[in-house]
$ cat work17.cif   # mmCIF, C-alpha atoms and all ligand atoms
data_target
#
loop_
_atom_site.label_atom_id
_atom_site.label_comp_id
_atom_site.auth_asym_id
_atom_site.auth_seq_id
_atom_site.Cartn_x
_atom_site.Cartn_y
_atom_site.Cartn_z
CA MET U 1 -92.35 -90.09 -74.70
CA THR U 2 -96.07 -90.89 -74.54
CA ASN U 3 -97.94 -90.42 -71.30
CA SER U 4 -98.21 -94.21 -70.89
CA LEU U 5 -94.47 -94.70 -71.28
CA ARG U 6 -93.83 -91.90 -68.83
CA ALA U 7 -96.24 -93.53 -66.43
CA LEU U 8 -94.51 -96.90 -66.81
CA ALA U 9 -91.07 -95.34 -66.25
CA TRP U 10 -92.41 -93.73 -63.11
CA LEU U 11 -93.84 -97.03 -61.96
CA LEU U 12 -90.63 -98.99 -62.48
CA ALA U 13 -88.64 -96.39 -60.57
CA LEU U 14 -90.95 -96.73 -57.62
CA PRO U 15 -89.71 -98.88 -54.74
CA LEU U 16 -92.52 -101.03 -53.36
CA HIS U 17 -94.16 -99.77 -50.18
CA ASP U 18 -92.17 -96.54 -50.24
CA ALA U 19 -94.60 -94.41 -48.25
CA LEU U 20 -93.08 -93.60 -44.88
CA ALA U 21 -94.78 -95.20 -41.91
CA GLY U 22 -97.73 -93.04 -40.98
CA GLU U 23 -97.89 -91.43 -44.43
CA VAL U 24 -100.96 -91.92 -46.54
CA GLU U 25 -100.25 -92.00 -50.24
CA MET U 26 -102.75 -90.57 -52.68
CA LEU U 27 -102.65 -91.20 -56.43
CA HIS U 28 -104.34 -88.57 -58.61
CA TRP U 29 -103.95 -86.52 -61.78
CA TRP U 30 -104.39 -83.00 -60.38
CA THR U 31 -101.25 -81.44 -61.84
CA SER U 32 -102.28 -78.15 -63.52
CA PRO U 33 -102.00 -74.87 -61.54
CA GLY U 34 -105.68 -74.90 -60.46
CA GLU U 35 -105.62 -78.63 -59.73
CA GLN U 36 -102.46 -78.28 -57.65
CA ALA U 37 -104.18 -75.58 -55.63
CA ALA U 38 -107.10 -77.98 -55.08
CA PHE U 39 -104.74 -80.81 -54.10
CA ALA U 40 -103.03 -78.47 -51.63
CA VAL U 41 -106.43 -78.14 -49.94
CA VAL U 42 -106.60 -81.96 -49.62
CA THR U 43 -103.12 -82.01 -48.07
CA THR U 44 -103.90 -79.23 -45.59
CA GLN U 45 -107.25 -80.70 -44.63
CA LEU U 46 -105.73 -84.09 -43.88
CA GLN U 47 -102.81 -82.51 -42.02
CA GLY U 48 -105.39 -80.79 -39.83
CA ALA U 49 -106.82 -84.24 -39.10
CA GLY U 50 -103.34 -85.54 -38.18
CA VAL U 51 -102.70 -87.37 -41.47
CA GLU U 52 -99.56 -86.76 -43.58
CA LEU U 53 -100.31 -87.12 -47.28
CA LYS U 54 -97.77 -88.45 -49.76
CA ASN U 55 -98.38 -86.95 -53.18
CA ALA U 56 -98.46 -89.49 -56.06
CA ALA U 57 -99.44 -87.18 -58.93
CA ILE U 58 -99.49 -88.64 -62.45
CA LEU U 59 -99.54 -86.23 -65.41
CA GLY U 60 -102.35 -86.45 -67.93
CA GLY U 61 -105.72 -84.69 -68.10
CA GLY U 62 -108.67 -87.03 -67.75
CA GLY U 63 -106.53 -89.48 -65.80
CA ASN U 64 -105.75 -92.10 -68.48
CA SER U 65 -102.11 -92.45 -67.41
CA ALA U 66 -103.03 -92.31 -63.73
CA MET U 67 -105.44 -95.22 -64.23
CA GLU U 68 -102.74 -97.30 -65.97
CA VAL U 69 -100.37 -96.73 -63.06
CA LEU U 70 -103.11 -97.56 -60.56
CA GLN U 71 -103.89 -100.85 -62.30
CA ALA U 72 -100.24 -101.86 -62.46
CA ARG U 73 -99.69 -101.03 -58.80
CA ALA U 74 -102.84 -102.82 -57.65
CA ILE U 75 -101.86 -105.95 -59.57
CA ALA U 76 -98.37 -105.76 -58.03
CA GLY U 77 -100.01 -105.71 -54.59
CA ASN U 78 -98.96 -102.14 -53.84
CA PRO U 79 -101.92 -99.83 -54.43
CA PRO U 80 -101.86 -96.38 -52.86
CA ALA U 81 -104.02 -95.96 -49.77
CA LEU U 82 -106.11 -93.29 -51.49
CA ALA U 83 -106.87 -92.57 -55.14
CA GLN U 84 -108.88 -90.18 -57.25
CA LEU U 85 -111.38 -92.23 -59.27
CA GLU U 86 -114.31 -91.47 -61.53
CA GLY U 87 -117.70 -93.06 -62.02
CA GLN U 88 -117.63 -96.35 -63.84
CA ALA U 89 -114.10 -97.15 -62.69
CA ILE U 90 -115.43 -97.27 -59.11
CA ALA U 91 -117.79 -100.08 -60.14
CA SER U 92 -114.97 -102.05 -61.78
CA TRP U 93 -112.65 -101.78 -58.77
CA THR U 94 -115.55 -102.74 -56.51
CA LEU U 95 -116.28 -105.83 -58.53
CA LEU U 96 -112.64 -106.86 -58.20
CA GLY U 97 -112.85 -106.44 -54.43
CA PHE U 98 -110.08 -103.85 -54.14
CA ILE U 99 -111.80 -100.95 -52.43
CA GLN U 100 -113.19 -100.12 -49.05
CA PRO U 101 -116.88 -99.28 -48.49
CA GLN U 102 -117.54 -95.91 -46.87
CA ASP U 103 -120.96 -96.76 -45.45
CA GLU U 104 -120.08 -95.92 -41.84
CA VAL U 105 -119.29 -92.25 -42.52
CA ALA U 106 -122.01 -92.07 -45.20
CA GLY U 107 -124.54 -93.18 -42.57
CA GLU U 108 -123.22 -90.82 -39.88
CA GLN U 109 -123.34 -87.85 -42.25
CA GLU U 110 -126.56 -88.92 -44.01
CA TRP U 111 -125.02 -88.71 -47.46
CA ASP U 112 -128.22 -90.00 -49.11
CA ARG U 113 -130.07 -86.95 -47.83
CA GLN U 114 -127.28 -84.34 -47.70
CA LEU U 115 -125.56 -84.82 -51.06
CA LEU U 116 -126.58 -83.80 -54.57
CA GLY U 117 -128.42 -86.60 -56.38
CA VAL U 118 -125.51 -87.49 -58.67
CA ALA U 119 -123.36 -88.43 -55.65
CA PRO U 120 -125.21 -91.65 -54.73
CA ARG U 121 -125.81 -92.36 -58.43
CA VAL U 122 -122.08 -92.39 -59.09
CA ASN U 123 -120.67 -93.65 -55.79
CA LYS U 124 -123.17 -96.22 -54.58
CA ILE U 125 -122.47 -99.65 -55.99
CA GLY U 126 -124.75 -102.52 -55.03
CA GLY U 127 -126.23 -100.33 -52.24
CA HIS U 128 -122.84 -99.39 -50.71
CA TYR U 129 -120.97 -96.12 -50.91
CA MET U 130 -117.64 -97.17 -52.43
CA GLY U 131 -116.25 -93.67 -53.00
CA ILE U 132 -116.21 -90.43 -51.02
CA PRO U 133 -117.78 -87.90 -53.42
CA GLY U 134 -115.44 -84.91 -53.86
CA ASN U 135 -117.06 -82.54 -56.33
CA VAL U 136 -119.44 -82.13 -59.24
CA HIS U 137 -117.86 -80.85 -62.45
CA ARG U 138 -119.86 -79.30 -65.25
CA LEU U 139 -118.42 -80.27 -68.62
CA ASN U 140 -120.56 -78.53 -71.24
CA TRP U 141 -118.98 -75.10 -70.85
CA MET U 142 -117.69 -72.86 -73.59
CA TRP U 143 -114.95 -70.55 -72.24
CA VAL U 144 -114.63 -67.39 -74.29
CA ASN U 145 -111.84 -64.82 -74.47
CA ARG U 146 -113.97 -61.68 -74.44
CA ALA U 147 -111.37 -59.19 -75.61
CA LEU U 148 -110.60 -61.28 -78.71
CA LEU U 149 -114.25 -61.53 -79.69
CA ALA U 150 -114.85 -57.84 -78.94
CA ARG U 151 -111.92 -56.90 -81.18
CA LEU U 152 -113.65 -58.73 -84.03
CA ASP U 153 -117.05 -57.36 -83.04
CA MET U 154 -118.31 -60.92 -82.70
CA ASP U 155 -120.99 -62.32 -80.37
CA PRO U 156 -120.36 -65.69 -78.76
CA PRO U 157 -122.14 -68.41 -80.76
CA THR U 158 -125.10 -70.21 -79.25
CA ASP U 159 -125.46 -73.11 -81.70
CA TRP U 160 -123.17 -75.24 -83.82
CA PRO U 161 -123.75 -73.57 -87.19
CA GLY U 162 -122.92 -70.27 -85.45
CA PHE U 163 -119.85 -71.83 -83.83
CA LEU U 164 -118.52 -73.05 -87.17
CA ASP U 165 -119.11 -69.60 -88.68
CA ALA U 166 -117.14 -68.05 -85.81
CA VAL U 167 -114.33 -70.57 -86.31
CA ARG U 168 -114.19 -69.72 -90.04
CA ALA U 169 -114.15 -65.97 -89.32
CA LEU U 170 -111.37 -66.34 -86.75
CA ARG U 171 -109.29 -68.47 -89.10
CA ALA U 172 -109.70 -65.87 -91.84
CA LYS U 173 -108.22 -63.26 -89.47
CA GLY U 174 -105.32 -65.55 -88.57
CA ILE U 175 -106.60 -66.14 -85.01
CA LYS U 176 -106.54 -69.59 -83.47
CA PRO U 177 -110.22 -70.42 -82.86
CA LEU U 178 -109.98 -73.32 -80.44
CA ALA U 179 -107.80 -73.80 -77.39
CA LEU U 180 -107.50 -77.55 -77.72
CA GLY U 181 -104.76 -80.11 -77.41
CA ASN U 182 -104.87 -82.80 -80.04
CA ASP U 183 -105.12 -85.65 -77.58
CA PRO U 184 -107.83 -88.34 -77.50
CA TRP U 185 -109.45 -87.25 -74.25
CA GLN U 186 -109.73 -83.55 -75.18
CA VAL U 187 -111.01 -84.40 -78.65
CA ALA U 188 -113.62 -86.78 -77.18
CA LEU U 189 -114.83 -84.01 -74.83
CA LEU U 190 -115.23 -81.69 -77.80
CA PHE U 191 -117.21 -84.35 -79.64
CA GLU U 192 -119.42 -84.92 -76.61
CA SER U 193 -120.52 -81.26 -76.59
CA LEU U 194 -121.10 -81.39 -80.32
CA ALA U 195 -123.15 -84.61 -80.14
CA LEU U 196 -125.32 -83.26 -77.31
CA GLY U 197 -125.66 -79.79 -78.84
CA MET U 198 -126.68 -81.10 -82.24
CA GLY U 199 -128.45 -84.33 -81.37
CA GLY U 200 -130.23 -83.23 -78.17
CA LYS U 201 -130.61 -85.12 -74.93
CA GLU U 202 -132.66 -88.13 -76.11
CA TYR U 203 -130.24 -88.85 -78.94
CA TYR U 204 -127.18 -88.40 -76.66
CA GLN U 205 -128.70 -90.67 -74.03
CA LYS U 206 -129.60 -93.40 -76.51
CA ALA U 207 -126.50 -93.26 -78.70
CA PHE U 208 -123.70 -92.63 -76.22
CA VAL U 209 -124.98 -93.56 -72.77
CA GLU U 210 -126.99 -96.66 -73.75
CA LEU U 211 -124.92 -97.38 -76.91
CA ASP U 212 -128.17 -98.11 -78.74
CA PRO U 213 -127.28 -99.42 -82.22
CA VAL U 214 -130.30 -97.75 -83.87
CA ALA U 215 -129.42 -94.30 -82.51
CA LEU U 216 -125.72 -94.83 -83.31
CA GLY U 217 -126.57 -95.81 -86.88
CA SER U 218 -129.03 -92.93 -87.40
CA ASP U 219 -128.84 -89.96 -89.75
CA THR U 220 -128.32 -87.74 -86.70
CA SER U 221 -124.99 -89.53 -86.15
CA ARG U 222 -124.09 -88.91 -89.79
CA GLN U 223 -124.86 -85.19 -89.49
CA ILE U 224 -122.86 -84.92 -86.28
CA LEU U 225 -119.86 -86.72 -87.76
CA ASP U 226 -120.02 -84.48 -90.83
CA ARG U 227 -119.89 -81.39 -88.60
CA PHE U 228 -117.07 -82.94 -86.60
CA ARG U 229 -115.14 -83.46 -89.83
CA GLU U 230 -115.83 -79.86 -90.91
CA LEU U 231 -114.58 -78.61 -87.57
CA SER U 232 -111.49 -80.82 -87.65
CA GLU U 233 -110.55 -79.60 -91.12
CA LEU U 234 -110.80 -76.02 -89.91
CA VAL U 235 -108.88 -76.36 -86.66
CA LEU U 236 -106.37 -79.20 -87.21
CA PRO U 237 -103.72 -76.96 -88.81
CA THR U 238 -103.75 -74.79 -85.67
CA LEU U 239 -103.44 -77.61 -83.12
CA SER U 240 -100.54 -79.20 -81.27
CA GLY U 241 -100.49 -81.99 -78.72
CA GLN U 242 -100.62 -79.52 -75.82
CA SER U 243 -102.24 -80.39 -72.50
CA TRP U 244 -105.66 -78.93 -71.64
CA ASP U 245 -104.10 -76.45 -69.21
CA GLN U 246 -101.55 -75.22 -71.77
CA ALA U 247 -104.61 -74.69 -74.00
CA THR U 248 -106.26 -72.75 -71.17
CA ALA U 249 -103.15 -70.55 -70.94
CA ASP U 250 -103.55 -69.82 -74.70
CA LEU U 251 -107.16 -68.86 -74.09
CA ALA U 252 -106.33 -66.68 -71.09
CA GLU U 253 -103.50 -64.88 -72.86
CA GLY U 254 -105.49 -64.16 -76.02
CA ARG U 255 -103.78 -66.72 -78.28
CA ALA U 256 -107.07 -68.62 -78.79
CA ALA U 257 -110.72 -67.61 -78.69
CA PHE U 258 -112.72 -70.55 -77.29
CA GLN U 259 -112.19 -73.61 -75.14
CA LEU U 260 -114.87 -76.30 -74.85
CA MET U 261 -113.93 -78.01 -71.63
CA GLY U 262 -115.04 -78.78 -68.08
CA ASP U 263 -114.98 -76.33 -65.20
CA TRP U 264 -111.46 -77.32 -64.11
CA VAL U 265 -110.65 -74.53 -66.61
CA LEU U 266 -112.16 -72.13 -64.07
CA GLY U 267 -109.82 -73.45 -61.36
CA ASP U 268 -106.87 -72.83 -63.66
CA LEU U 269 -107.99 -69.38 -64.75
CA LEU U 270 -108.37 -68.33 -61.12
CA ALA U 271 -105.00 -69.82 -60.19
CA ARG U 272 -103.46 -67.78 -63.04
CA GLY U 273 -105.11 -64.58 -61.75
CA VAL U 274 -107.48 -64.22 -64.72
CA ALA U 275 -110.69 -62.29 -64.01
CA VAL U 276 -113.67 -64.55 -64.66
CA PRO U 277 -116.13 -63.76 -66.21
CA GLU U 278 -114.72 -60.29 -67.06
CA GLN U 279 -111.77 -61.53 -69.16
CA VAL U 280 -112.86 -65.08 -69.86
CA GLN U 281 -116.56 -65.77 -69.89
CA CYS U 282 -118.38 -69.05 -69.23
CA LEU U 283 -121.32 -69.94 -71.47
CA PRO U 284 -123.07 -73.23 -72.14
CA ALA U 285 -121.51 -75.16 -75.03
CA PRO U 286 -123.44 -74.39 -78.25
CA GLY U 287 -126.90 -75.97 -78.34
CA THR U 288 -126.67 -77.35 -74.77
CA GLN U 289 -128.49 -74.56 -72.91
CA GLY U 290 -130.50 -76.01 -70.02
CA LEU U 291 -128.56 -79.30 -70.12
CA TYR U 292 -125.89 -80.16 -67.58
CA VAL U 293 -123.18 -82.67 -68.45
CA TYR U 294 -121.53 -83.82 -65.23
CA ASN U 295 -118.64 -85.79 -64.00
CA MET U 296 -117.49 -86.25 -60.48
CA ASP U 297 -114.23 -87.05 -58.74
CA SER U 298 -114.34 -89.46 -55.85
CA PHE U 299 -111.76 -90.43 -53.26
CA VAL U 300 -111.46 -94.18 -52.86
CA MET U 301 -109.47 -96.25 -50.39
CA PHE U 302 -107.66 -99.43 -51.36
CA ASN U 303 -108.11 -102.12 -48.75
CA ALA U 304 -104.64 -103.66 -49.33
CA ASN U 305 -103.12 -100.48 -47.85
CA LEU U 306 -106.01 -99.24 -45.75
CA PRO U 307 -104.79 -96.58 -43.30
CA LYS U 308 -105.75 -97.28 -39.70
CA ASP U 309 -107.28 -93.81 -39.44
CA HIS U 310 -109.43 -94.33 -42.54
CA LEU U 311 -112.60 -93.12 -40.83
CA THR U 312 -110.88 -89.86 -39.83
CA ILE U 313 -109.78 -89.40 -43.44
CA ALA U 314 -113.26 -90.04 -44.80
CA ARG U 315 -114.82 -87.63 -42.30
CA ALA U 316 -112.27 -84.93 -43.19
CA LEU U 317 -112.83 -85.28 -46.95
CA ALA U 318 -116.61 -85.22 -46.63
CA SER U 319 -116.71 -82.27 -44.23
CA PRO U 320 -118.42 -78.98 -45.23
CA ASP U 321 -115.28 -76.82 -44.75
CA PHE U 322 -113.25 -79.14 -46.98
CA GLN U 323 -115.98 -79.24 -49.59
CA LEU U 324 -116.05 -75.44 -49.77
CA ALA U 325 -112.30 -74.83 -49.92
CA PHE U 326 -111.58 -77.73 -52.29
CA ASN U 327 -114.30 -76.89 -54.79
CA ARG U 328 -113.53 -73.16 -54.76
CA ALA U 329 -110.01 -74.03 -55.91
CA ASN U 330 -111.14 -76.76 -58.30
CA GLY U 331 -113.71 -74.72 -60.28
CA SER U 332 -116.34 -77.35 -59.45
CA ILE U 333 -119.30 -77.27 -57.05
CA PRO U 334 -119.57 -78.94 -53.63
CA VAL U 335 -121.54 -82.18 -53.36
CA ARG U 336 -123.27 -81.09 -50.15
CA ARG U 337 -126.63 -79.68 -51.07
CA GLU U 338 -127.00 -77.17 -48.23
CA LEU U 339 -123.70 -75.30 -48.69
CA SER U 340 -123.90 -71.67 -49.78
CA LEU U 341 -121.75 -70.72 -52.76
CA ALA U 342 -121.97 -67.01 -51.91
CA ASP U 343 -118.20 -66.53 -52.02
CA PHE U 344 -117.61 -68.72 -55.10
CA ASN U 345 -116.85 -67.36 -58.57
CA PRO U 346 -120.00 -66.38 -60.55
CA CYS U 347 -119.37 -69.21 -63.04
CA ALA U 348 -119.45 -71.77 -60.21
CA GLN U 349 -122.57 -70.11 -58.78
CA LEU U 350 -124.20 -70.38 -62.20
CA SER U 351 -123.12 -74.00 -62.43
CA ARG U 352 -124.97 -74.73 -59.16
CA ILE U 353 -128.12 -72.90 -60.33
CA ASP U 354 -128.03 -74.78 -63.63
CA TYR U 355 -127.42 -78.06 -61.79
CA ASP U 356 -130.57 -77.58 -59.68
CA ARG U 357 -132.65 -76.67 -62.71
CA ALA U 358 -131.29 -79.58 -64.74
CA GLU U 359 -131.90 -82.00 -61.88
CA ALA U 360 -135.53 -80.87 -61.58
CA ALA U 361 -136.07 -81.09 -65.35
CA GLY U 362 -134.33 -84.45 -65.84
CA ASN U 363 -131.56 -82.71 -67.82
CA LEU U 364 -128.51 -84.06 -65.99
CA MET U 365 -126.41 -85.95 -68.51
CA PRO U 366 -123.45 -88.17 -67.58
CA SER U 367 -120.24 -87.39 -69.45
CA VAL U 368 -119.31 -90.12 -71.89
CA ALA U 369 -115.79 -88.86 -72.52
CA ASP U 370 -115.08 -88.53 -68.81
CA SER U 371 -116.06 -91.95 -67.48
CA MET U 372 -119.53 -91.30 -66.12
CA ALA U 373 -121.58 -93.18 -68.70
CA LEU U 374 -119.61 -96.09 -70.08
CA HIS U 375 -117.38 -98.72 -68.60
CA PRO U 376 -113.76 -97.56 -69.15
CA LEU U 377 -113.22 -100.32 -71.73
CA TYR U 378 -115.98 -99.06 -74.02
CA GLN U 379 -115.24 -95.44 -73.26
CA LYS U 380 -111.69 -95.99 -74.54
CA ALA U 381 -112.97 -97.75 -77.66
CA VAL U 382 -115.38 -94.88 -78.47
CA GLU U 383 -112.68 -92.30 -77.70
CA SER U 384 -110.16 -93.92 -80.01
CA GLU U 385 -112.67 -94.11 -82.91
CA LEU U 386 -113.50 -90.42 -82.55
CA TYR U 387 -109.87 -89.42 -82.27
CA ARG U 388 -108.91 -91.31 -85.43
CA PHE U 389 -111.82 -89.80 -87.32
CA PHE U 390 -110.87 -86.29 -86.15
CA ASN U 391 -107.28 -86.74 -87.31
CA GLN U 392 -107.66 -88.71 -90.53
CA PRO U 393 -109.61 -86.80 -93.19
CA ASP U 394 -109.72 -89.90 -95.40
CA LEU U 395 -111.54 -91.99 -92.76
CA ASP U 396 -115.06 -92.70 -93.87
CA ARG U 397 -117.86 -91.81 -91.44
CA GLU U 398 -119.74 -95.05 -92.31
CA GLY U 399 -116.76 -97.04 -91.05
CA VAL U 400 -116.87 -95.14 -87.74
CA ILE U 401 -120.58 -95.82 -87.40
CA ARG U 402 -119.99 -99.53 -88.10
CA ARG U 403 -117.19 -99.77 -85.55
CA LEU U 404 -119.19 -97.89 -82.90
CA GLY U 405 -121.99 -100.42 -83.56
CA ALA U 406 -119.51 -103.24 -82.89
CA VAL U 407 -118.49 -101.59 -79.59
CA ALA U 408 -122.19 -101.35 -78.68
CA ARG U 409 -122.73 -105.06 -79.39
CA SER U 410 -119.82 -106.15 -77.25
CA ALA U 411 -120.90 -103.79 -74.45
CA SER U 412 -124.39 -105.27 -74.34
CA SER U 413 -123.09 -108.83 -74.19
CA THR U 414 -120.65 -108.20 -71.32
CA SER U 415 -122.41 -105.68 -69.10
CA ILE U 416 -120.42 -105.50 -65.87
CA GLU U 417 -122.79 -102.94 -64.41
CA ALA U 418 -125.70 -105.35 -64.62
CA ARG U 419 -123.83 -107.61 -62.20
CA LEU U 420 -123.37 -104.81 -59.70
CA ARG U 421 -126.35 -102.50 -59.62
C1 LIG U 501 -111.31 -84.68 -63.55
C2 LIG U 501 -110.98 -83.28 -63.09
C3 LIG U 501 -109.65 -82.85 -63.67
C4 LIG U 501 -109.69 -83.00 -65.19
C5 LIG U 501 -108.44 -82.56 -65.90
C6 LIG U 501 -111.19 -84.78 -65.05
O1 LIG U 501 -111.32 -86.11 -65.45
O2 LIG U 501 -112.60 -85.02 -63.16
O3 LIG U 501 -110.93 -83.20 -61.67
O4 LIG U 501 -109.39 -81.53 -63.30
O5 LIG U 501 -109.91 -84.36 -65.49
O6 LIG U 501 -107.31 -83.17 -65.43
#
$ encode --input "work17.cif" --output "structure tokens"
Amino acid sequence: MTNSLRALAWLLALPLHDALAGEVEMLHWWTSPGEQAAFAVVTTQLQGAGVELKNAAILGGGGNSAMEVLQARAIAGNPPALAQLEGQAIASWTLLGFIQPQDEVAGEQEWDRQLLGVAPRVNKIGGHYMGIPGNVHRLNWMWVNRALLARLDMDPPTDWPGFLDAVRALRAKGIKPLALGNDPWQVALLFESLALGMGGKEYYQKAFVELDPVALGSDTSRQILDRFRELSELVLPTLSGQSWDQATADLAEGRAAFQLMGDWVLGDLLARGVAVPEQVQCLPAPGTQGLYVYNMDSFVMFNANLPKDHLTIARALASPDFQLAFNRANGSIPVRRELSLADFNPCAQLSRIDYDRAEAAGNLMPSVADSMALHPLYQKAVESELYRFFNQPDLDREGVIRRLGAVARSASSTSIEARLR
């Protein structure tokens, strides 16, 4: 069964308004071991504030299935009280009038001043905080199984030609190079690191954040797609449709050498008792040193089922103690600028240092694959083109470039963001 069918089956089995009186239902996609640990922190925090949370978890990394369920429930008039949302989706739900502004608590707690700069950028729509910022994730990480590389006397690659050489060498030894599930979201994340690492920040910004037809149709795009094809031909025979966290288990247990994926991998490694960075090391994705690709999870409240204690909930989720405990479990970094990460894992500490440097240098890049840059409609269209190209060796790169150009044209003629910002 596909994730969407599973999601639909779940939805149909759900009696309307089934949260017990007094319970606050939260829809999210934190289902891997590390994510469950992070969600347990949400539950405990809200319990401490006198709020019982009902867990509406929907399987599927990146949240595609969760977003389908959310849409169906909202249209049926039964949205959850709380939901995990990302970036551009917050703007869409705001435009439709479904979600509750958080300006009161944002004002009280001076979010504009206290939070990292990406928090207002992502959560403020038309001057109002529409989401409660939960974390900042770094996406351009390369997770490396050190023992595997040491056994082959191999240094971790720092650029894409080096990465492809490493992949070839690992294949020749019969070792699976990439911990990757062959699913559109994971493949799009891989492409994002490749496009940024090869094309650099100006190209990435123009081609994939602004969907600029000239950048999309450039020779840089051709070179990137050629590398993507090379990589797919090397790794496809070793891939299955596994979830990102099953892939992380392969990495942790020495069945695969690298994983190019966001820092939720760190949350999972820690939940599995893996020593990081001693066993699995975190390094910037090849060619992306000094750049920081971010995404951010936000908590939003649906006004059709707004809990009466919504201010208490917002205060609890934005509090410093929650931010510390939640992000330590999640692998991400807190959104509150002043918090010390002294007892965080070294990879999270490095993420915060790199965030600050990238912010000062103008090197913070929104993730395209994970909903920070494009409206979900165009993000899906780009994702599906890349996924088809990755899986179909006979697909011509010029066709992909043409179709991405068509996505860019329709995006520029229907910009929703322009109506909101
Ligand atoms: C979310 C993370 C989550 C990951 C994998 C991302 O879109 O931002 O919080 O851990 O998906 O499920």
$ axis_aligned_box --input "work17.cif" --around "ligand LIG 501 (chain U)" --padding-each-side "6 Å" --output "JSON"
{"center_x": -110.0, "center_y": -83.8, "center_z": -63.8, "size_x": 17.3, "size_y": 16.6, "size_z": 16.2}
$ residues_around --input "work17.cif" --residues "region 247-256 of chain U" --least-positions-apart "5" --cutoff "8 Å" --atoms "only C-alpha atoms" --output "MDAnalysis selection string"
chainID U and resid 144:145 147:148 175:181 242 265 268:269 274 279:280
$ residues_near_point --input "work17.cif" --point "(-99.8, -90.8, -46.5)" --cutoff "7 Å" --atoms "only C-alpha atoms" --output "PDB file with C-alpha atoms, in the frame of the given file"
ATOM      1  CA  ALA U  19     -94.600 -94.410 -48.250  1.00  0.00           C
ATOM      2  CA  GLY U  22     -97.730 -93.040 -40.980  1.00  0.00           C
ATOM      3  CA  GLU U  23     -97.890 -91.430 -44.430  1.00  0.00           C
ATOM      4  CA  VAL U  24    -100.960 -91.920 -46.540  1.00  0.00           C
ATOM      5  CA  GLU U  25    -100.250 -92.000 -50.240  1.00  0.00           C
ATOM      6  CA  MET U  26    -102.750 -90.570 -52.680  1.00  0.00           C
ATOM      7  CA  VAL U  51    -102.700 -87.370 -41.470  1.00  0.00           C
ATOM      8  CA  GLU U  52     -99.560 -86.760 -43.580  1.00  0.00           C
ATOM      9  CA  LEU U  53    -100.310 -87.120 -47.280  1.00  0.00           C
ATOM     10  CA  LYS U  54     -97.770 -88.450 -49.760  1.00  0.00           C
TER      11      LYS U  54
END
$ closest_residue --input "work17.cif" --among "U:Leu96, U:Leu216, U:Leu196, U:Ala304" --to "Ala76 (chain U)" --atoms "all atoms listed in the file"
U:Ala304
$ residues_around --input "work17.cif" --residues "Ala314 (chain U)" --least-positions-apart "6" --cutoff "12 Å" --atoms "all atoms listed in the file" --output "PyMOL selection string"
chain U and resi 42+45-46+49+51+82+100-109+129-134+298-301+306-308+322
$ write_last_selection --input "work17.cif" --atoms "C-alpha atoms" --output "PDB file, keeping the file's coordinate frame"
ATOM      1  CA  VAL U  42    -106.600 -81.960 -49.620  1.00  0.00           C
ATOM      2  CA  GLN U  45    -107.250 -80.700 -44.630  1.00  0.00           C
ATOM      3  CA  LEU U  46    -105.730 -84.090 -43.880  1.00  0.00           C
ATOM      4  CA  ALA U  49    -106.820 -84.240 -39.100  1.00  0.00           C
ATOM      5  CA  VAL U  51    -102.700 -87.370 -41.470  1.00  0.00           C
ATOM      6  CA  LEU U  82    -106.110 -93.290 -51.490  1.00  0.00           C
ATOM      7  CA  GLN U 100    -113.190-100.120 -49.050  1.00  0.00           C
ATOM      8  CA  PRO U 101    -116.880 -99.280 -48.490  1.00  0.00           C
ATOM      9  CA  GLN U 102    -117.540 -95.910 -46.870  1.00  0.00           C
ATOM     10  CA  ASP U 103    -120.960 -96.760 -45.450  1.00  0.00           C
ATOM     11  CA  GLU U 104    -120.080 -95.920 -41.840  1.00  0.00           C
ATOM     12  CA  VAL U 105    -119.290 -92.250 -42.520  1.00  0.00           C
ATOM     13  CA  ALA U 106    -122.010 -92.070 -45.200  1.00  0.00           C
ATOM     14  CA  GLY U 107    -124.540 -93.180 -42.570  1.00  0.00           C
ATOM     15  CA  GLU U 108    -123.220 -90.820 -39.880  1.00  0.00           C
ATOM     16  CA  GLN U 109    -123.340 -87.850 -42.250  1.00  0.00           C
ATOM     17  CA  TYR U 129    -120.970 -96.120 -50.910  1.00  0.00           C
ATOM     18  CA  MET U 130    -117.640 -97.170 -52.430  1.00  0.00           C
ATOM     19  CA  GLY U 131    -116.250 -93.670 -53.000  1.00  0.00           C
ATOM     20  CA  ILE U 132    -116.210 -90.430 -51.020  1.00  0.00           C
ATOM     21  CA  PRO U 133    -117.780 -87.900 -53.420  1.00  0.00           C
ATOM     22  CA  GLY U 134    -115.440 -84.910 -53.860  1.00  0.00           C
ATOM     23  CA  SER U 298    -114.340 -89.460 -55.850  1.00  0.00           C
ATOM     24  CA  PHE U 299    -111.760 -90.430 -53.260  1.00  0.00           C
ATOM     25  CA  VAL U 300    -111.460 -94.180 -52.860  1.00  0.00           C
ATOM     26  CA  MET U 301    -109.470 -96.250 -50.390  1.00  0.00           C
ATOM     27  CA  LEU U 306    -106.010 -99.240 -45.750  1.00  0.00           C
ATOM     28  CA  PRO U 307    -104.790 -96.580 -43.300  1.00  0.00           C
ATOM     29  CA  LYS U 308    -105.750 -97.280 -39.700  1.00  0.00           C
ATOM     30  CA  PHE U 322    -113.250 -79.140 -46.980  1.00  0.00           C
TER      31      PHE U 322
END
$ residues_around --input "work17.cif" --residues "Gln36 (chain U)" --least-positions-apart "3" --cutoff "10 Å" --atoms "all atoms listed in the file" --output "list in words"
Trp29, Trp30, Thr31, Ser32, Pro33, Phe39, Ala40, Val41, Val42, Ala57, Gly267, Asp268, Ala271, Ala329 and Asn330 of chain U
